[in-house]
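Have a look at work-v2.txt; it's compact mmCIF, C-alpha atoms (C1' of nucleotides):
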# COMPACT_ATOMS: atom_id res chain seq x y z
CA MET A 474 0.00 0.00 0.00
CA PHE A 475 1.11 3.53 -0.75
CA SER A 476 0.84 6.21 1.85
CA ILE A 477 1.39 9.90 1.36
CA ILE A 478 2.39 12.00 4.30
CA ASP A 479 1.64 15.65 3.70
CA CYS A 480 2.46 18.50 6.04
CA ASN A 481 -0.55 20.69 6.74
CA ASN A 482 -0.12 24.27 5.48
CA PHE A 483 3.59 23.62 5.70
CA TYR A 484 5.09 27.13 5.63
CA VAL A 485 2.48 28.38 8.08
CA SER A 486 3.10 25.41 10.37
CA CYS A 487 6.86 26.14 10.30
CA GLU A 488 6.26 29.72 11.43
CA ARG A 489 3.90 28.52 14.14
CA VAL A 490 6.53 26.23 15.61
CA PHE A 491 8.35 29.38 16.71
CA ARG A 492 5.17 31.35 17.42
CA PRO A 493 2.88 28.96 19.33
CA ASP A 494 0.65 31.91 20.20
CA LEU A 495 -0.50 31.89 16.54
CA GLU A 496 -1.83 28.34 16.81
CA HIS A 497 -5.49 29.07 16.06
CA GLN A 498 -4.94 32.52 14.60
CA PRO A 499 -5.11 33.38 10.88
CA VAL A 500 -1.58 33.26 9.39
CA LEU A 501 -0.28 33.64 5.86
CA VAL A 502 3.12 33.55 4.19
CA THR A 503 4.07 35.72 1.22
CA GLY A 504 6.61 35.12 -1.52
CA ASN A 505 9.42 37.23 -2.90
CA ASN A 506 9.01 41.00 -2.26
CA ASP A 507 5.83 40.22 -0.32
CA GLY A 508 4.17 39.99 -3.71
CA CYS A 509 1.66 37.19 -3.41
CA ILE A 510 0.41 34.58 -1.00
CA ILE A 511 2.13 31.22 -1.02
CA ALA A 512 0.74 29.61 2.15
CA ARG A 513 -2.42 30.00 4.22
CA SER A 514 -3.61 28.69 7.55
CA ASN A 515 -7.04 27.07 7.71
CA GLU A 516 -8.43 30.26 9.24
CA VAL A 517 -7.21 32.24 6.22
CA LYS A 518 -8.61 29.66 3.80
CA ALA A 519 -11.96 29.96 5.56
CA LEU A 520 -11.95 33.69 4.78
CA GLY A 521 -11.92 32.81 1.09
CA ILE A 522 -8.42 34.16 0.45
CA ALA A 523 -6.99 32.38 -2.59
CA MET A 524 -3.56 30.84 -3.03
CA GLY A 525 -1.43 33.16 -5.11
CA ALA A 526 -3.57 36.21 -4.42
CA PRO A 527 -1.56 39.43 -4.64
CA LEU A 528 -1.09 40.78 -1.15
CA HIS A 529 -2.27 44.27 -2.08
CA THR A 530 -5.72 43.01 -3.05
CA ILE A 531 -6.45 41.67 0.43
CA ARG A 532 -5.01 44.44 2.63
CA PRO A 533 -8.46 45.30 4.07
CA LEU A 534 -9.08 41.65 5.04
CA ILE A 535 -5.69 41.42 6.70
CA GLN A 536 -6.50 44.45 8.83
CA ARG A 537 -10.02 43.43 9.68
CA HIS A 538 -9.11 39.90 10.73
CA GLN A 539 -5.69 40.74 12.14
CA ILE A 540 -4.00 38.16 9.97
CA ALA A 541 -0.36 37.53 10.86
CA VAL A 542 1.79 37.94 7.71
CA PHE A 543 5.23 36.35 7.29
CA SER A 544 7.73 36.79 4.46
CA ALA A 545 8.86 33.38 3.25
CA ASN A 546 11.93 32.02 5.03
CA TYR A 547 13.02 29.24 2.69
CA ALA A 548 16.10 28.33 4.71
CA LEU A 549 13.88 27.59 7.72
CA TYR A 550 11.37 25.60 5.66
CA GLY A 551 14.13 23.54 4.06
CA ASP A 552 15.55 22.74 7.48
CA MET A 553 12.16 21.81 8.96
CA SER A 554 11.46 19.65 5.92
CA GLN A 555 14.65 17.67 6.50
CA ARG A 556 13.69 17.08 10.11
CA VAL A 557 10.22 15.84 9.18
CA MET A 558 11.63 13.53 6.50
CA ARG A 559 14.19 12.14 8.92
CA VAL A 560 11.53 11.27 11.48
CA ILE A 561 9.38 9.58 8.81
CA GLU A 562 12.38 7.59 7.64
CA GLU A 563 13.21 6.46 11.16
CA GLN A 564 9.64 5.44 11.90
CA THR A 565 8.94 3.48 8.72
CA SER A 566 10.88 0.53 7.44
CA GLY A 567 9.64 0.89 3.86
CA ALA A 568 11.24 2.95 1.10
CA LEU A 569 10.71 6.70 1.21
CA GLU A 570 10.16 9.00 -1.75
CA ILE A 571 10.51 12.66 -0.93
CA TYR A 572 8.05 14.14 -3.40
CA SER A 573 8.27 17.80 -2.47
CA ILE A 574 9.37 20.00 0.37
CA ASP A 575 6.31 19.00 2.38
CA GLU A 576 5.27 15.58 1.07
CA ALA A 577 6.64 12.07 1.06
CA PHE A 578 5.38 8.74 -0.25
CA VAL A 579 6.08 5.67 1.85
CA LYS A 580 5.31 2.08 1.05
CA LEU A 581 3.65 0.38 4.01
CA ASN A 582 3.83 -3.37 4.37
CA THR A 583 1.66 -3.71 7.45
CA SER A 584 -1.47 -5.87 7.55
CA PRO A 585 -4.59 -3.96 6.42
CA ALA A 586 -5.96 -3.70 9.94
CA GLN A 587 -2.73 -2.17 11.17
CA LEU A 588 -2.45 0.55 8.49
CA GLU A 589 -4.49 3.26 10.17
CA PRO A 590 -3.11 2.70 13.69
CA GLN A 591 0.44 2.75 12.33
CA ALA A 592 -0.22 5.95 10.41
CA ALA A 593 -1.84 7.57 13.44
CA HIS A 594 1.22 6.69 15.48
CA LEU A 595 3.58 8.12 12.85
CA ARG A 596 1.51 11.28 12.75
CA SER A 597 1.79 11.85 16.47
CA ILE A 598 5.54 11.14 16.52
CA VAL A 599 6.18 13.66 13.72
CA ARG A 600 4.10 16.24 15.57
CA GLN A 601 5.88 15.54 18.81
CA GLN A 602 9.42 15.63 17.41
CA THR A 603 9.11 18.47 14.89
CA GLY A 604 5.98 20.42 15.84
CA ILE A 605 4.61 19.98 12.32
CA PRO A 606 1.08 18.57 11.87
CA VAL A 607 0.70 16.10 8.98
CA SER A 608 -2.11 14.25 7.23
CA ILE A 609 -1.77 10.74 5.88
CA GLY A 610 -3.64 9.06 3.04
CA ILE A 611 -3.24 5.34 2.33
CA ALA A 612 -4.39 3.39 -0.72
CA ALA A 613 -3.34 0.88 -3.37
CA THR A 614 -2.01 3.55 -5.76
CA LYS A 615 -0.37 6.91 -5.42
CA THR A 616 -3.30 8.69 -7.06
CA LEU A 617 -5.81 7.13 -4.66
CA ALA A 618 -3.52 7.84 -1.71
CA LYS A 619 -3.46 11.50 -2.72
CA LEU A 620 -7.26 11.54 -2.79
CA ALA A 621 -7.38 9.84 0.60
CA ASN A 622 -5.02 12.50 1.88
CA THR A 623 -7.25 15.31 0.62
CA CYS A 624 -10.06 13.85 2.72
CA ALA A 625 -7.82 13.11 5.70
CA LYS A 626 -7.03 16.82 5.94
CA LYS A 627 -10.66 17.48 6.82
CA LEU A 628 -10.73 14.90 9.63
CA PRO A 629 -9.57 15.47 13.20
CA THR A 630 -7.74 12.13 13.09
CA GLY A 631 -5.83 13.22 9.96
CA VAL A 632 -5.58 9.67 8.64
CA ILE A 633 -7.58 7.77 6.01
CA SER A 634 -6.89 4.34 4.59
CA LEU A 635 -8.86 3.36 1.49
CA SER A 636 -9.13 -0.37 1.11
CA ASP A 637 -12.58 -1.62 0.15
CA ASP A 638 -13.92 -0.85 -3.31
CA HIS A 639 -17.26 0.35 -2.08
CA SER A 640 -15.89 3.13 0.11
CA ILE A 641 -13.42 4.13 -2.63
CA ASP A 642 -16.23 4.56 -5.15
CA GLU A 643 -18.29 6.48 -2.65
CA LEU A 644 -15.44 8.90 -2.21
CA LEU A 645 -14.74 9.18 -5.94
CA ARG A 646 -18.39 10.00 -6.62
CA VAL A 647 -18.27 13.18 -4.56
CA MET A 648 -14.78 14.20 -5.69
CA PRO A 649 -14.74 16.84 -8.46
CA VAL A 650 -12.57 15.68 -11.35
CA ASP A 651 -10.22 18.65 -11.07
CA GLU A 652 -9.20 17.57 -7.57
CA VAL A 653 -7.62 14.42 -8.95
CA TRP A 654 -3.82 14.50 -8.89
CA GLY A 655 -2.61 15.19 -12.42
CA ILE A 656 -5.84 16.79 -13.64
CA GLY A 657 -5.17 20.48 -13.99
CA ALA A 658 -7.30 23.30 -15.32
CA LYS A 659 -6.97 22.41 -19.02
CA ARG A 660 -7.69 18.70 -18.71
CA ALA A 661 -10.53 19.37 -16.28
CA GLU A 662 -12.11 21.79 -18.74
CA TRP A 663 -11.97 19.24 -21.53
CA LEU A 664 -13.22 16.40 -19.31
CA ILE A 665 -16.17 18.43 -18.06
CA GLY A 666 -16.98 19.29 -21.67
CA GLN A 667 -17.18 15.51 -22.24
CA GLY A 668 -19.55 15.13 -19.29
CA ILE A 669 -16.90 13.79 -16.91
CA ARG A 670 -17.33 15.79 -13.75
CA THR A 671 -16.29 13.49 -10.93
CA ALA A 672 -13.34 11.28 -10.14
CA TYR A 673 -15.70 8.30 -10.38
CA GLN A 674 -16.72 9.18 -13.94
CA LEU A 675 -13.04 9.49 -14.84
CA LYS A 676 -12.38 6.07 -13.33
CA CYS A 677 -15.11 4.63 -15.55
CA ALA A 678 -13.79 6.32 -18.70
CA ASP A 679 -11.99 4.27 -21.36
CA PRO A 680 -8.23 4.74 -20.88
CA VAL A 681 -7.59 4.27 -24.62
CA TRP A 682 -10.06 7.01 -25.44
CA ILE A 683 -8.51 9.25 -22.78
CA GLN A 684 -5.04 8.65 -24.16
CA ARG A 685 -6.19 9.45 -27.68
CA HIS A 686 -7.74 12.77 -26.70
CA LEU A 687 -5.50 13.75 -23.81
CA THR A 688 -2.14 12.12 -23.07
CA ALA A 689 -0.53 8.95 -21.83
CA PRO A 690 -0.16 10.32 -18.26
CA ALA A 691 -3.89 11.10 -18.22
CA ALA A 692 -4.67 7.51 -19.19
CA ARG A 693 -2.40 6.33 -16.39
CA ILE A 694 -4.55 8.32 -13.96
CA VAL A 695 -7.61 6.31 -15.05
CA TRP A 696 -5.80 3.07 -14.26
CA GLU A 697 -4.57 4.41 -10.95
CA LEU A 698 -8.14 5.35 -9.99
CA ARG A 699 -9.11 1.76 -10.76
CA GLY A 700 -6.53 0.58 -8.29
CA VAL A 701 -3.91 -0.48 -10.84
CA SER A 702 -0.63 1.04 -9.79
CA CYS A 703 1.19 2.76 -12.69
CA LEU A 704 3.32 5.21 -10.74
CA PRO A 705 5.98 3.34 -8.81
CA LEU A 706 7.65 4.65 -5.69
CA ASP A 707 10.88 6.41 -6.60
CA ALA A 708 13.13 6.25 -3.57
CA ASP A 709 16.28 7.23 -5.42
CA PRO A 710 15.42 10.20 -7.60
CA ALA A 711 17.78 11.16 -10.39
CA PRO A 712 19.80 14.34 -9.98
CA LYS A 713 18.18 17.45 -11.43
CA LYS A 714 18.33 17.84 -15.18
CA GLU A 715 17.80 21.56 -14.99
CA ILE A 716 18.63 24.06 -12.30
CA CYS A 717 16.84 27.36 -12.40
CA THR A 718 17.25 30.49 -10.32
CA SER A 719 15.01 33.43 -11.07
CA ARG A 720 13.28 36.30 -9.30
CA ALA A 721 10.83 39.02 -9.96
CA PHE A 722 12.40 42.34 -9.03
CA GLY A 723 10.89 44.49 -6.31
CA LYS A 724 10.92 47.41 -8.71
CA ALA A 725 11.38 47.66 -12.46
CA ILE A 726 14.99 47.67 -13.66
CA GLN A 727 16.14 49.51 -16.77
CA SER A 728 19.93 49.44 -16.81
CA GLU A 729 21.96 46.57 -18.19
CA GLN A 730 24.39 47.04 -15.33
CA GLU A 731 21.76 46.31 -12.69
CA LEU A 732 20.46 43.34 -14.67
CA ALA A 733 24.00 42.01 -14.97
CA GLU A 734 24.41 42.13 -11.20
CA ALA A 735 21.14 40.27 -10.69
CA VAL A 736 22.03 37.67 -13.32
CA ALA A 737 25.49 37.16 -11.79
CA PHE A 738 23.87 36.61 -8.40
CA TYR A 739 21.34 34.10 -9.74
CA THR A 740 24.10 32.27 -11.56
CA SER A 741 26.15 31.91 -8.39
CA ARG A 742 23.09 30.54 -6.56
CA ALA A 743 22.45 28.09 -9.39
CA ALA A 744 26.11 27.07 -9.35
CA GLU A 745 25.78 26.30 -5.62
CA LYS A 746 22.82 24.01 -6.31
CA LEU A 747 24.78 22.39 -9.13
CA HIS A 748 27.75 21.84 -6.84
CA LYS A 749 25.51 20.25 -4.18
CA GLN A 750 24.45 17.52 -6.56
CA GLY A 751 27.98 17.10 -7.89
CA GLY A 752 27.07 18.18 -11.40
CA LEU A 753 28.56 20.06 -14.31
CA ALA A 754 26.50 22.05 -16.80
CA SER A 755 27.11 22.40 -20.52
CA LEU A 756 24.47 25.01 -21.25
CA ILE A 757 23.29 28.15 -19.52
CA THR A 758 20.13 29.97 -20.54
CA VAL A 759 19.52 33.57 -19.55
CA PHE A 760 16.02 35.01 -19.74
CA LEU A 761 14.41 38.32 -18.89
CA HIS A 762 11.05 39.97 -19.41
CA THR A 763 9.02 43.05 -18.68
CA ASN A 764 5.97 43.10 -16.43
CA PRO A 765 3.08 41.23 -18.05
CA PHE A 766 0.74 42.73 -15.45
CA GLN A 767 1.28 46.17 -16.95
CA PRO A 768 0.09 45.61 -20.50
CA ASP A 769 -0.04 49.35 -21.17
CA LEU A 770 3.77 49.47 -21.01
CA PRO A 771 5.85 48.19 -23.95
CA GLN A 772 6.42 44.46 -23.49
CA TYR A 773 9.58 42.55 -24.24
CA ALA A 774 10.81 39.07 -23.41
CA ALA A 775 13.88 37.20 -24.57
CA HIS A 776 16.06 34.29 -23.71
CA CYS A 777 19.53 33.36 -24.87
CA LYS A 778 21.30 30.04 -24.71
CA VAL A 779 25.03 30.05 -24.15
CA PRO A 780 26.81 26.71 -24.64
CA LEU A 781 29.89 26.16 -22.51
CA ALA A 782 33.06 24.99 -24.22
CA GLU A 783 33.09 22.02 -21.86
CA PRO A 784 30.97 20.95 -18.90
CA THR A 785 31.73 23.15 -15.91
CA GLY A 786 30.64 23.83 -12.37
CA ASN A 787 32.90 26.82 -12.01
CA ALA A 788 30.86 29.83 -10.88
CA ALA A 789 33.12 32.41 -12.50
CA GLU A 790 32.94 30.67 -15.87
CA LEU A 791 29.18 30.33 -15.59
CA ILE A 792 28.78 33.98 -14.64
CA ALA A 793 30.91 35.09 -17.58
CA ALA A 794 28.76 33.00 -19.92
CA ALA A 795 25.57 34.36 -18.35
CA LYS A 796 26.75 37.91 -18.89
CA ARG A 797 27.47 37.17 -22.53
CA GLY A 798 23.93 35.83 -22.81
CA LEU A 799 22.50 38.89 -21.14
CA ARG A 800 24.29 41.16 -23.63
CA GLN A 801 22.49 39.28 -26.42
CA CYS A 802 19.06 39.53 -24.77
CA TYR A 803 19.16 43.00 -23.38
CA LYS A 804 17.39 45.80 -25.18
CA GLN A 805 17.47 49.33 -23.97
CA GLY A 806 14.35 51.29 -23.16
CA TYR A 807 12.28 48.63 -21.35
CA PHE A 808 11.30 48.26 -17.72
CA TYR A 809 12.39 44.78 -16.71
CA HIS A 810 10.38 42.88 -14.15
CA LYS A 811 12.01 39.50 -13.89
CA ALA A 812 15.14 37.65 -14.95
CA GLY A 813 16.74 34.30 -14.35
CA VAL A 814 19.18 31.64 -15.44
CA ILE A 815 18.77 27.95 -16.18
CA LEU A 816 21.65 25.50 -16.04
CA SER A 817 21.05 22.45 -18.20
CA GLN A 818 22.68 19.55 -20.03
CA ILE A 819 23.90 18.51 -16.62
CA THR A 820 26.33 15.63 -16.28
CA SER A 821 27.75 14.11 -13.17
CA GLU A 822 31.09 15.50 -12.09
CA THR A 823 32.83 12.16 -11.89
CA MET A 824 31.40 11.03 -15.21
CA ALA A 825 32.24 14.10 -17.17
CA GLN A 826 35.74 15.09 -16.39
CA GLY A 827 38.97 13.99 -14.86
CA THR A 828 42.67 14.32 -15.32
CA LEU A 829 45.09 11.81 -16.68
CA PHE A 830 48.50 11.60 -15.10
CA PRO A 831 51.68 12.14 -17.13
CA LEU A 832 53.11 8.89 -18.37
CA ALA A 833 56.69 7.80 -18.43
CA ARG A 834 57.69 6.52 -21.85
CA ASP A 835 58.47 2.97 -20.86
CA SER A 836 55.35 2.44 -18.81
CA ARG A 837 53.02 4.20 -21.21
CA ASP A 838 51.23 1.23 -22.73
CA GLU A 839 50.56 -0.55 -19.48
CA ARG A 840 49.26 2.50 -17.69
CA LEU A 841 47.10 3.63 -20.57
CA GLN A 842 45.59 0.19 -20.74
CA ALA A 843 44.94 0.38 -17.01
CA VAL A 844 43.08 3.65 -17.47
CA VAL A 845 41.01 2.24 -20.30
CA ASP A 846 40.22 -0.81 -18.18
CA ILE A 847 39.08 1.32 -15.31
CA ILE A 848 36.88 3.43 -17.54
CA ASN A 849 35.33 0.44 -19.24
CA ARG A 850 34.77 -1.34 -15.97
CA THR A 851 33.26 1.69 -14.28
CA TYR A 852 31.11 3.12 -17.02
CA GLY A 853 30.64 0.31 -19.47
CA ARG A 854 32.18 -0.02 -22.88
CA ASN A 855 31.64 2.56 -25.59
CA THR A 856 31.81 5.47 -23.23
CA MET A 857 35.36 6.50 -24.01
CA TYR A 858 35.44 9.86 -25.64
CA LEU A 859 39.00 11.03 -25.67
CA ALA A 860 42.07 9.70 -24.02
CA ALA A 861 45.32 11.51 -23.83
CA CYS A 862 48.74 10.39 -22.80
CA GLY A 863 52.28 11.66 -22.65
CA THR A 864 51.26 14.88 -21.02
CA GLN A 865 48.74 16.02 -18.45
CA ARG A 866 45.49 16.80 -20.19
CA THR A 867 41.84 16.58 -19.39
CA TRP A 868 39.62 13.94 -20.87
CA GLN A 869 35.92 13.90 -21.43
CA MET A 870 33.27 11.31 -21.75
CA LYS A 871 29.84 11.71 -23.11
CA GLN A 872 27.16 9.89 -21.18
CA GLY A 873 25.45 7.30 -23.31
CA ARG A 874 26.12 9.36 -26.36
CA ARG A 875 27.87 8.41 -29.55
CA SER A 876 30.33 10.88 -30.82
CA PRO A 877 32.44 10.83 -33.96
CA ARG A 878 35.43 11.00 -31.68
CA TYR A 879 34.66 8.14 -29.39
CA THR A 880 36.64 4.97 -29.47
CA THR A 881 37.51 1.99 -27.36
CA SER A 882 39.97 0.68 -29.88
CA TRP A 883 43.35 0.13 -28.35
CA ASP A 884 45.16 1.13 -31.55
CA GLU A 885 43.22 4.36 -31.82
CA LEU A 886 43.94 5.22 -28.23
CA LEU A 887 47.60 4.64 -28.81
CA LYS A 888 47.53 7.00 -31.78
CA VAL A 889 45.82 9.66 -29.67
C1' DT B 45 19.37 8.25 -59.68
C1' DC B 46 15.05 7.92 -57.31
C1' DT B 47 11.96 6.40 -53.58
C1' DG B 48 10.38 4.97 -49.19
C1' DG B 49 10.32 3.03 -44.55
C1' DG B 50 12.27 2.97 -40.09
C1' DG B 51 14.72 4.91 -36.68
C1' DT B 52 17.08 8.57 -33.61
C1' DC B 53 17.91 13.02 -31.87
C1' DC B 54 16.77 17.63 -30.90
C1' DT B 55 13.73 21.50 -29.88
C1' DA B 56 9.73 24.12 -28.64
C1' DG B 57 5.79 24.36 -26.29
C1' DG B 58 2.09 22.72 -23.39
C1' DA B 59 0.37 20.83 -19.19
C1' DC B 60 0.98 19.70 -14.74
C1' DC B 61 2.91 19.51 -9.87
C1' DC B 62 4.16 21.74 -5.13
C1' DT C 1077 2.77 50.89 -5.97
C1' DC C 1078 2.14 45.84 -4.99
C1' DT C 1079 0.95 39.63 -9.14
C1' DG C 1080 6.27 33.32 -6.49
C1' DG C 1081 10.03 30.13 -7.58
C1' DG C 1082 11.04 26.19 -8.57
C1' DG C 1083 10.64 21.60 -11.31
C1' DT C 1084 9.02 17.24 -14.54
C1' DC C 1085 7.07 14.79 -18.38
C1' DC C 1086 4.98 14.39 -22.87
C1' DT C 1087 4.07 15.44 -27.71
C1' DA C 1088 4.70 17.06 -32.29
C1' DG C 1089 7.52 18.17 -35.88
C1' DG C 1090 11.82 18.74 -38.29
C1' DA C 1091 16.49 17.18 -39.47
C1' DC C 1092 19.16 13.56 -40.38
C1' DC C 1093 20.81 8.80 -41.21
C1' DC C 1094 20.72 4.09 -43.07
Kindly present the structure from the file in structure tokens form.
Amino acid sequence: MFSIIDCNNFYVSCERVFRPDLEHQPVLVTGNNDGCIIARSNEVKALGIAMGAPLHTIRPLIQRHQIAVFSANYALYGDMSQRVMRVIEEQTSGALEIYSIDEAFVKLNTSPAQLEPQAAHLRSIVRQQTGIPVSIGIAATKTLAKLANTCAKKLPTGVISLSDDHSIDELLRVMPVDEVWGIGAKRAEWLIGQGIRTAYQLKCADPVWIQRHLTAPAARIVWELRGVSCLPLDADPAPKKEICTSRAFGKAIQSEQELAEAVAFYTSRAAEKLHKQGGLASLITVFLHTNPFQPDLPQYAAHCKVPLAEPTGNAAELIAAAKRGLRQCYKQGYFYHKAGVILSQITSETMAQGTLFPLARDSRDERLQAVVDIINRTYGRNTMYLAACGTQRTWQMKQGRRSPRYTTSWDELLKV
DNA sequence: TCTGGGGTCCTAGGACCC
DNA sequence: TCTGGGGTCCTAGGACCC
């Protein structure tokens, strides 16, 4: 059985850990520059304040209801998240998939009767050791577990286990189709146009028909609603393929100089993230745009891709490349609202680059062969890209990629 | 020389998630 | 005045190769 453990109003709960006096008070957390709302307590939700609402549109409500407002403290939330995940890991023997900063999937292997008591116990331990309240949904598939979790949030016990078909269908019948995990605004609109309004109707739809008109992932959702698991637990997620750092500016920026400073800063943050996962990037994309919320002003958006000569994690090199990209994108005379960088074509540090030692003439063949052996043994054959000998040089390998310059032929390597 | 099928790789854009 | 900051996956279409 899959269970999903989801922190309730996570950012708000983190703030409350250090402000217990706000326990039953309305609390919200705002994003960058206090622009819009990114987390709400139940009290704030009950006031009808929407996720993502611009702060300035709800000033009167904040005053009237004395809502406590916090600016997001991502360092704190990241730290609290790690604590919660650690407790979950300690308490469950099954594999853990950290799905987001505030959610984790866990596979439970307990007997059906024990599922809810075990979850209730986990919930109280997490609360006790971290101060964070969580809800837990349990079912045969991830999609059903998510639905169970949605319901669990409304219960004082905070735990729901869906096991018998009858109660599952009962729940699906009252669940609007757009609340199903993976059904967003666009798909919901189309489904409703086809007369499919509830999760139950989606479950009964023909997956082949759904795939033809929507996508393969949408068809998978149908199967998952039927109790056929299509989304396995991923306990060992791959390193990030893209790393993005971007911000909206507090005020509009016109000068290239100011933009360059912002872009350099974002690049260094992105390089830190890259370093943390031990990666090297081969491409950096710079983008910038004006404020789409001010359509009366002239609008401009651009992005520029700058390939790196070779994969790098070096911040200075990345910043230099980002600045070159910015020079290409930048146009004078606009009020810029947001900019960012994306690092991509990421390879693992150990895979992508290393250094060969200088070789003495008489030992050359043996040592080169040793290097080739190590590479072939470690990474599989056909990964050799370039080998050098006789002098200290760097070598490169391309992951799973054929290149006109690759070879594993001993004679070729000797020639190189 | 012409034609076509089968396959891969890359890119852009859409949709979705938290 | 003031409108978040990350990510992933899939699809379609074009280029290219055999």
Please report, as JSON lines, each residue of chain A lying at most 6 Å from chain C, together with the nearest pair of atoms and the separation in Å rounded to one decimal; use all atoms listed in the file, and order rows by chain and ascending residue number.
{"residue": "A:Gly504", "atom": "CA", "partner": "C:DG1080", "partner_atom": "C1'", "distance": 5.3}
{"residue": "A:Pro527", "atom": "CA", "partner": "C:DT1079", "partner_atom": "C1'", "distance": 5.2}
{"residue": "A:His529", "atom": "CA", "partner": "C:DC1078", "partner_atom": "C1'", "distance": 5.5}
**Report entry** Å distance separating CA of Ala621 (chain A) from CA of Ile478 (chain A), one decimal place
**Finding:** 10.7 Å
Requested in this report: Determine, counting all atoms listed in the file, which protein, DNA and RNA residues have an atom within 9 Å of an atom of region 562-576 of chain A; residues of the same chain fewer than 5 positions away are not included. Present the result as a PyMOL selection string.
Outcome: (chain A and resi 477-484+550-551+554-555+557+581-582+595+598+706-710) or (chain B and resi 62)
Query - Distance query Ile669 (chain A) at most 12 Å, all atoms listed in the file, self and fewer than 5 positions along chain excluded, as a list in words - result: Arg646, Met648, Pro649, Val650, Asp651, Ile656, Arg660, Ala661, Glu662, Trp663, Leu664, Gln674, Leu675, Lys676, Cys677, Ala678, Asp679 and Ile683 of chain A
Requested in this report: Calculate how many Å separate CA of Lys811 (chain A) from CA of Thr763 (chain A), rounding to one decimal.
Outcome: 6.7 Å
Report task. Would you kindly return, as number ranges by chain, each protein, DNA or RNA residue with an atom no farther than 6 Å from any atom of Cys777 (chain A), considering all atoms listed in the file and excluding same-chain residues fewer than 3 positions away? Result -> A: 758-759, 798
Report task. Could you tell me how far CA of Ala577 (chain A) lies from CA of Gly521 (chain A), in Å and to one decimal? Result -> 27.8 Å
